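query_6.cif, holding mmCIF, C-alpha atoms and all ligand atoms; chains and numbers go by the auth columns:
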```
data_target
loop_
_atom_site.group_PDB
_atom_site.id
_atom_site.type_symbol
_atom_site.label_atom_id
_atom_site.label_comp_id
_atom_site.label_asym_id
_atom_site.label_seq_id
_atom_site.Cartn_x
_atom_site.Cartn_y
_atom_site.Cartn_z
_atom_site.B_iso_or_equiv
_atom_site.auth_seq_id
_atom_site.auth_asym_id
ATOM 1 C CA MET A 1 -44.116 -21.614 18.853 0.00 1 R
ATOM 2 C CA GLN A 2 -42.329 -18.327 18.628 0.00 2 R
ATOM 3 C CA GLN A 3 -43.830 -15.561 16.515 0.00 3 R
ATOM 4 C CA VAL A 4 -41.810 -14.937 13.406 0.00 4 R
ATOM 5 C CA SER A 5 -42.063 -11.513 11.798 0.00 5 R
ATOM 6 C CA PRO A 6 -42.613 -11.403 8.013 0.00 6 R
ATOM 7 C CA LEU A 7 -39.128 -9.988 7.602 0.00 7 R
ATOM 8 C CA LYS A 8 -37.581 -12.804 9.528 0.00 8 R
ATOM 9 C CA ARG A 9 -39.580 -15.398 7.675 0.00 9 R
ATOM 10 C CA ASN A 10 -38.192 -14.080 4.469 0.00 10 R
ATOM 11 C CA ARG A 11 -34.717 -14.408 5.877 0.00 11 R
ATOM 12 C CA TYR A 12 -35.318 -18.019 6.771 0.00 12 R
ATOM 13 C CA GLY A 13 -36.019 -18.763 3.179 0.00 13 R
ATOM 14 C CA ARG A 14 -39.121 -20.860 3.110 0.00 14 R
ATOM 15 C CA PHE A 15 -41.390 -17.963 2.091 0.00 15 R
ATOM 16 C CA ASN A 16 -38.975 -16.497 -0.374 0.00 16 R
ATOM 17 C CA SER A 17 -39.652 -16.890 -4.086 0.00 17 R
ATOM 18 C CA ASN A 18 -36.034 -18.053 -4.485 0.00 18 R
ATOM 19 C CA TRP A 19 -36.573 -20.927 -2.111 0.00 19 R
ATOM 20 C CA LYS A 20 -34.584 -23.910 -3.349 0.00 20 R
ATOM 21 C CA GLY A 21 -35.780 -26.425 -0.808 0.00 21 R
ATOM 22 C CA GLY A 22 -32.577 -26.240 1.209 0.00 22 R
ATOM 23 C CA LYS A 23 -30.552 -28.168 -1.384 0.00 23 R
ATOM 24 C CA PRO A 24 -27.259 -26.792 -2.683 0.00 24 R
ATOM 25 C CA TYR A 25 -27.499 -25.207 -6.116 0.00 25 R
ATOM 26 C CA THR A 26 -25.285 -23.382 -8.602 0.00 26 R
ATOM 27 C CA ASP A 27 -26.211 -19.761 -9.173 0.00 27 R
ATOM 28 C CA HIS A 28 -26.111 -17.972 -12.529 0.00 28 R
ATOM 29 C CA GLN A 29 -22.511 -16.911 -11.870 0.00 29 R
ATOM 30 C CA GLY A 30 -21.483 -20.535 -11.468 0.00 30 R
ATOM 31 C CA TYR A 31 -21.038 -20.380 -7.704 0.00 31 R
ATOM 32 C CA ILE A 32 -22.282 -23.194 -5.546 0.00 32 R
ATOM 33 C CA ARG A 33 -24.592 -21.982 -2.784 0.00 33 R
ATOM 34 C CA ILE A 34 -25.501 -23.950 0.268 0.00 34 R
ATOM 35 C CA TYR A 35 -28.386 -23.466 2.620 0.00 35 R
ATOM 36 C CA ILE A 36 -27.330 -22.064 5.991 0.00 36 R
ATOM 37 C CA PRO A 37 -30.084 -19.603 6.914 0.00 37 R
ATOM 38 C CA LEU A 38 -28.478 -18.585 10.203 0.00 38 R
ATOM 39 C CA HIS A 39 -25.126 -17.773 8.629 0.00 39 R
ATOM 40 C CA TYR A 40 -24.317 -14.067 8.990 0.00 40 R
ATOM 41 C CA LYS A 41 -23.624 -13.866 5.258 0.00 41 R
ATOM 42 C CA ALA A 42 -26.774 -15.692 4.194 0.00 42 R
ATOM 43 C CA SER A 43 -28.744 -13.905 1.499 0.00 43 R
ATOM 44 C CA SER A 44 -32.486 -13.331 1.856 0.00 44 R
ATOM 45 C CA ASN A 45 -33.201 -16.862 0.660 0.00 45 R
ATOM 46 C CA GLY A 46 -30.942 -18.386 3.317 0.00 46 R
ATOM 47 C CA TYR A 47 -28.073 -19.347 1.017 0.00 47 R
ATOM 48 C CA VAL A 48 -24.338 -18.698 1.386 0.00 48 R
ATOM 49 C CA HIS A 49 -21.594 -19.086 -1.216 0.00 49 R
ATOM 50 C CA GLU A 50 -19.944 -22.390 -0.514 0.00 50 R
ATOM 51 C CA HIS A 51 -16.435 -20.969 -0.999 0.00 51 R
ATOM 52 C CA ILE A 52 -17.056 -18.546 1.872 0.00 52 R
ATOM 53 C CA VAL A 53 -18.053 -21.405 4.137 0.00 53 R
ATOM 54 C CA ILE A 54 -14.954 -23.370 3.043 0.00 54 R
ATOM 55 C CA ALA A 55 -12.722 -20.333 3.637 0.00 55 R
ATOM 56 C CA GLU A 56 -14.096 -19.882 7.146 0.00 56 R
ATOM 57 C CA LYS A 57 -13.702 -23.562 7.915 0.00 57 R
ATOM 58 C CA THR A 58 -10.096 -23.327 6.763 0.00 58 R
ATOM 59 C CA LEU A 59 -9.490 -20.209 8.850 0.00 59 R
ATOM 60 C CA GLY A 60 -11.317 -21.695 11.806 0.00 60 R
ATOM 61 C CA LYS A 61 -13.170 -18.421 12.335 0.00 61 R
ATOM 62 C CA LYS A 62 -15.304 -15.764 10.709 0.00 62 R
ATOM 63 C CA LEU A 63 -13.698 -13.926 7.835 0.00 63 R
ATOM 64 C CA PRO A 64 -12.284 -10.515 8.730 0.00 64 R
ATOM 65 C CA GLU A 65 -14.864 -7.833 7.985 0.00 65 R
ATOM 66 C CA LYS A 66 -13.316 -6.492 4.771 0.00 66 R
ATOM 67 C CA ALA A 67 -12.014 -9.796 3.469 0.00 67 R
ATOM 68 C CA VAL A 68 -13.020 -10.999 0.019 0.00 68 R
ATOM 69 C CA VAL A 69 -12.719 -14.652 -0.926 0.00 69 R
ATOM 70 C CA HIS A 70 -11.358 -15.228 -4.380 0.00 70 R
ATOM 71 C CA HIS A 71 -12.665 -18.424 -5.865 0.00 71 R
ATOM 72 C CA TYR A 72 -10.732 -20.000 -8.708 0.00 72 R
ATOM 73 C CA ALA A 73 -12.658 -21.659 -11.450 0.00 73 R
ATOM 74 C CA GLY A 74 -11.706 -25.281 -11.678 0.00 74 R
ATOM 75 C CA TYR A 75 -13.819 -26.737 -8.923 0.00 75 R
ATOM 76 C CA GLU A 76 -15.866 -28.499 -11.553 0.00 76 R
ATOM 77 C CA LEU A 77 -12.749 -30.174 -12.909 0.00 77 R
ATOM 78 C CA ASP A 78 -11.281 -31.778 -9.826 0.00 78 R
ATOM 79 C CA GLY A 79 -13.819 -31.155 -7.085 0.00 79 R
ATOM 80 C CA LYS A 80 -11.277 -29.289 -4.976 0.00 80 R
ATOM 81 C CA TYR A 81 -11.688 -25.711 -3.922 0.00 81 R
ATOM 82 C CA LYS A 82 -8.939 -23.281 -4.735 0.00 82 R
ATOM 83 C CA ILE A 83 -9.467 -20.115 -2.813 0.00 83 R
ATOM 84 C CA VAL A 84 -7.487 -17.076 -1.806 0.00 84 R
ATOM 85 C CA ILE A 85 -8.616 -14.964 1.122 0.00 85 R
ATOM 86 C CA CYS A 86 -7.901 -11.359 0.182 0.00 86 R
ATOM 87 C CA GLU A 87 -7.626 -8.790 2.940 0.00 87 R
ATOM 88 C CA ASP A 88 -9.943 -6.378 1.143 0.00 88 R
ATOM 89 C CA LYS A 89 -11.593 -5.468 -2.170 0.00 89 R
ATOM 90 C CA GLY A 90 -8.500 -3.630 -3.340 0.00 90 R
ATOM 91 C CA TYR A 91 -6.347 -6.719 -3.038 0.00 91 R
ATOM 92 C CA HIS A 92 -9.001 -8.797 -4.739 0.00 92 R
ATOM 93 C CA ASN A 93 -9.035 -6.333 -7.656 0.00 93 R
ATOM 94 C CA PHE A 94 -5.258 -6.461 -7.758 0.00 94 R
ATOM 95 C CA LEU A 95 -5.413 -10.242 -7.968 0.00 95 R
ATOM 96 C CA HIS A 96 -7.909 -10.088 -10.816 0.00 96 R
ATOM 97 C CA LYS A 97 -5.816 -7.525 -12.652 0.00 97 R
ATOM 98 C CA ARG A 98 -2.825 -9.866 -12.497 0.00 98 R
ATOM 99 C CA MET A 99 -4.895 -12.866 -13.533 0.00 99 R
ATOM 100 C CA ARG A 100 -6.227 -10.929 -16.510 0.00 100 R
ATOM 101 C CA ALA A 101 -2.714 -9.895 -17.542 0.00 101 R
ATOM 102 C CA LEU A 102 -1.415 -13.437 -17.174 0.00 102 R
ATOM 103 C CA LYS A 103 -4.216 -14.752 -19.324 0.00 103 R
ATOM 104 C CA LYS A 104 -3.846 -12.070 -22.011 0.00 104 R
ATOM 105 C CA CYS A 105 -0.080 -11.841 -22.386 0.00 105 R
ATOM 106 C CA GLY A 106 1.553 -14.434 -20.129 0.00 106 R
ATOM 107 C CA HIS A 107 3.037 -11.899 -17.683 0.00 107 R
ATOM 108 C CA PRO A 108 1.033 -11.143 -14.540 0.00 108 R
ATOM 109 C CA SER A 109 2.733 -7.791 -13.917 0.00 109 R
ATOM 110 C CA TRP A 110 2.454 -6.408 -17.450 0.00 110 R
ATOM 111 C CA ARG A 111 -0.072 -3.710 -18.244 0.00 111 R
ATOM 112 C CA ARG A 112 -1.952 -2.757 -21.345 0.00 112 R
ATOM 113 C CA CYS A 113 -1.423 0.515 -23.118 0.00 113 R
ATOM 114 C CA ARG A 114 -4.799 2.239 -23.380 0.00 114 R
ATOM 115 C CA ILE A 115 -3.884 3.788 -26.688 0.00 115 R
ATOM 116 C CA CYS A 116 -2.197 1.098 -28.807 0.00 116 R
ATOM 117 C CA GLY A 117 -3.712 -1.796 -26.830 0.00 117 R
ATOM 118 C CA LYS A 118 -0.401 -3.668 -26.557 0.00 118 R
ATOM 119 C CA TRP A 119 0.737 -5.307 -23.327 0.00 119 R
ATOM 120 C CA ASP A 120 4.097 -4.213 -21.977 0.00 120 R
ATOM 121 C CA LYS A 121 6.344 -4.124 -18.897 0.00 121 R
ATOM 122 C CA PRO A 122 5.198 -1.517 -16.377 0.00 122 R
ATOM 123 C CA GLU A 123 8.570 0.265 -16.633 0.00 123 R
ATOM 124 C CA ASN A 124 7.903 0.927 -20.333 0.00 124 R
ATOM 125 C CA LEU A 125 4.564 2.512 -19.559 0.00 125 R
ATOM 126 C CA TYR A 126 3.365 5.655 -17.940 0.00 126 R
ATOM 127 C CA ILE A 127 0.778 4.754 -15.320 0.00 127 R
ATOM 128 C CA ARG A 128 -1.435 7.337 -13.751 0.00 128 R
ATOM 129 C CA PRO A 129 -4.321 7.009 -11.326 0.00 129 R
ATOM 130 C CA ASP A 130 -7.794 7.303 -12.765 0.00 130 R
ATOM 131 C CA ASN A 131 -10.940 7.564 -10.694 0.00 131 R
ATOM 132 C CA LYS A 132 -13.101 5.540 -12.988 0.00 132 R
ATOM 133 C CA ASN A 133 -10.857 2.640 -13.956 0.00 133 R
ATOM 134 C CA GLY A 134 -8.432 2.577 -11.049 0.00 134 R
ATOM 135 C CA GLU A 135 -5.564 3.637 -13.272 0.00 135 R
ATOM 136 C CA GLN A 136 -4.526 4.238 -16.844 0.00 136 R
ATOM 137 C CA ALA A 137 -1.394 2.917 -18.469 0.00 137 R
ATOM 138 C CA PHE A 138 0.044 4.092 -21.757 0.00 138 R
ATOM 139 C CA HIS A 139 3.289 4.428 -23.690 0.00 139 R
ATOM 140 C CA ARG A 140 4.665 7.950 -23.742 0.00 140 R
ATOM 141 C CA ILE A 141 5.144 7.633 -27.516 0.00 141 R
ATOM 142 C CA CYS A 142 1.551 6.550 -28.001 0.00 142 R
ATOM 143 C CA LYS A 143 0.351 9.380 -25.803 0.00 143 R
ATOM 144 C CA ASN A 144 2.361 11.964 -27.739 0.00 144 R
ATOM 145 C CA ALA A 145 1.204 10.636 -31.094 0.00 145 R
ATOM 146 C CA TYR A 146 -2.355 10.629 -29.816 0.00 146 R
ATOM 147 C CA ALA A 147 -2.072 14.216 -28.577 0.00 147 R
ATOM 148 C CA ARG A 148 -0.635 15.321 -31.951 0.00 148 R
ATOM 149 C CA LYS A 149 -3.416 13.613 -33.835 0.00 149 R
ATOM 150 C CA ARG A 150 -5.971 15.295 -31.662 0.00 150 R
ATOM 151 C CA TYR A 151 -4.317 18.633 -32.160 0.00 151 R
ATOM 152 C CA HIS A 152 -4.363 18.248 -35.940 0.00 152 R
ATOM 153 C CA PHE A 153 -7.906 17.106 -35.829 0.00 153 R
ATOM 154 C CA LYS A 154 -8.899 20.188 -33.850 0.00 154 R
ATOM 155 C CA LYS A 155 -6.986 22.463 -36.169 0.00 155 R
ATOM 156 C CA GLY A 156 -8.444 20.896 -39.269 0.00 156 R
ATOM 157 C CA GLY A 157 -11.960 20.639 -37.927 0.00 157 R
HETATM 158 ZN ZN ZN B . -12.035 -13.245 -7.458 0.00 1 C
HETATM 159 ZN ZN ZN B . 1.116 2.015 -26.668 0.00 2 C
#
```

For the structure just supplied, provide its representation as structure tokens.
Amino acid sequence: MQQVSPLKRNRYGRFNSNWKGGKPYTDHQGYIRIYIPLHYKASSNGYVHEHIVIAEKTLGKKLPEKAVVHHYAGYELDGKYKIVICEDKGYHNFLHKRMRALKKCGHPSWRRCRICGKWDKPENLYIRPDNKNGEQAFHRICKNAYARKRYHFKKGG
């Protein structure tokens, strides 16, 4: 028998407190995880997200390093995986932004004004980059009204 270091043992799962006996299970985020301890993306308990394994099977190779697999909900309904392999995190975020917009207002490309909260066509909005939230979109009218209100508030207060 080969000596297995404590670290490695952990990686192989059996000695990990999250050990699930090698059976597939659904994690708290609703993702199905399958036991492949030698997979390069296996977590410390030896499990890999099933949609990653499916994506790699579909590709016929390892995922590109920065790729993110988007996994559509719906697997539970028809047992079929719907996945999109995104080239990087940025594209994955972009996809989610569009999905959110589609769900909220029916138009994937529309954006929400940060001030009045209404969804609108991007050409009706002023969109500027923002470090924290990626970007900020607002109507010029809303922005002006907001600035005026703030000014009055400052003057009055
Ligand atoms: Zn996603
Ligand atoms: Zn607005």

Closest pair table for chain R residues within 12 Å of ligand ZN 2 (chain C), only C-alpha atoms and all ligand atoms, as a Markdown table:
```
| residue | atom | partner | partner_atom | distance |
| --- | --- | --- | --- | --- |
| R:Arg111 | CA | C:ZN2 | ZN | 10.3 |
| R:Arg112 | CA | C:ZN2 | ZN | 7.8 |
| R:Cys113 | CA | C:ZN2 | ZN | 4.6 |
| R:Arg114 | CA | C:ZN2 | ZN | 6.8 |
| R:Ile115 | CA | C:ZN2 | ZN | 5.3 |
| R:Cys116 | CA | C:ZN2 | ZN | 4.0 |
| R:Gly117 | CA | C:ZN2 | ZN | 6.2 |
| R:Lys118 | CA | C:ZN2 | ZN | 5.9 |
| R:Trp119 | CA | C:ZN2 | ZN | 8.1 |
| R:Asp120 | CA | C:ZN2 | ZN | 8.3 |
| R:Lys121 | CA | C:ZN2 | ZN | 11.2 |
| R:Pro122 | CA | C:ZN2 | ZN | 11.6 |
| R:Asn124 | CA | C:ZN2 | ZN | 9.3 |
| R:Leu125 | CA | C:ZN2 | ZN | 7.9 |
| R:Tyr126 | CA | C:ZN2 | ZN | 9.7 |
| R:Ile127 | CA | C:ZN2 | ZN | 11.7 |
| R:Gln136 | CA | C:ZN2 | ZN | 11.5 |
| R:Ala137 | CA | C:ZN2 | ZN | 8.6 |
| R:Phe138 | CA | C:ZN2 | ZN | 5.4 |
| R:His139 | CA | C:ZN2 | ZN | 4.4 |
| R:Arg140 | CA | C:ZN2 | ZN | 7.5 |
| R:Ile141 | CA | C:ZN2 | ZN | 7.0 |
| R:Cys142 | CA | C:ZN2 | ZN | 4.7 |
| R:Lys143 | CA | C:ZN2 | ZN | 7.5 |
| R:Asn144 | CA | C:ZN2 | ZN | 10.1 |
| R:Ala145 | CA | C:ZN2 | ZN | 9.7 |
| R:Tyr146 | CA | C:ZN2 | ZN | 9.8 |
```

Given 12 Å and all atoms listed in the file, residues near ligand ZN 1 (chain C) as a ChimeraX atom specification
/R:29,31,51-52,67-73,82-86,88-100

Report the distance between atom CA of His39 of chain R and atom CA of Glu87 of chain R in Å, rounded to one decimal place.
20.5 Å

Once you add 8 Å to each side, what are the centre and edge lengths of the axis-aligned box holding all listed atoms of segment 136-139 of chain R? One decimal in Å, as AutoDock Vina command-line options, if you can.
```
--center_x -0.6 --center_y 3.7 --center_z -20.3 --size_x 23.8 --size_y 17.5 --size_z 22.8
```

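We find atom CA of Tyr47 of chain R and atom CA of Ile34 of chain R to be spaced 5.3 Å apart.
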
Students should find that atom CA of Ala55 of chain R and atom CA of Ser109 of chain R are spaced 26.5 Å

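Proximity of R:Ile32, R:Thr58, R:Leu63, R:Gly22 to Gly46 of chain R, computed with all atoms listed in the file, is greatest for R:Gly22.
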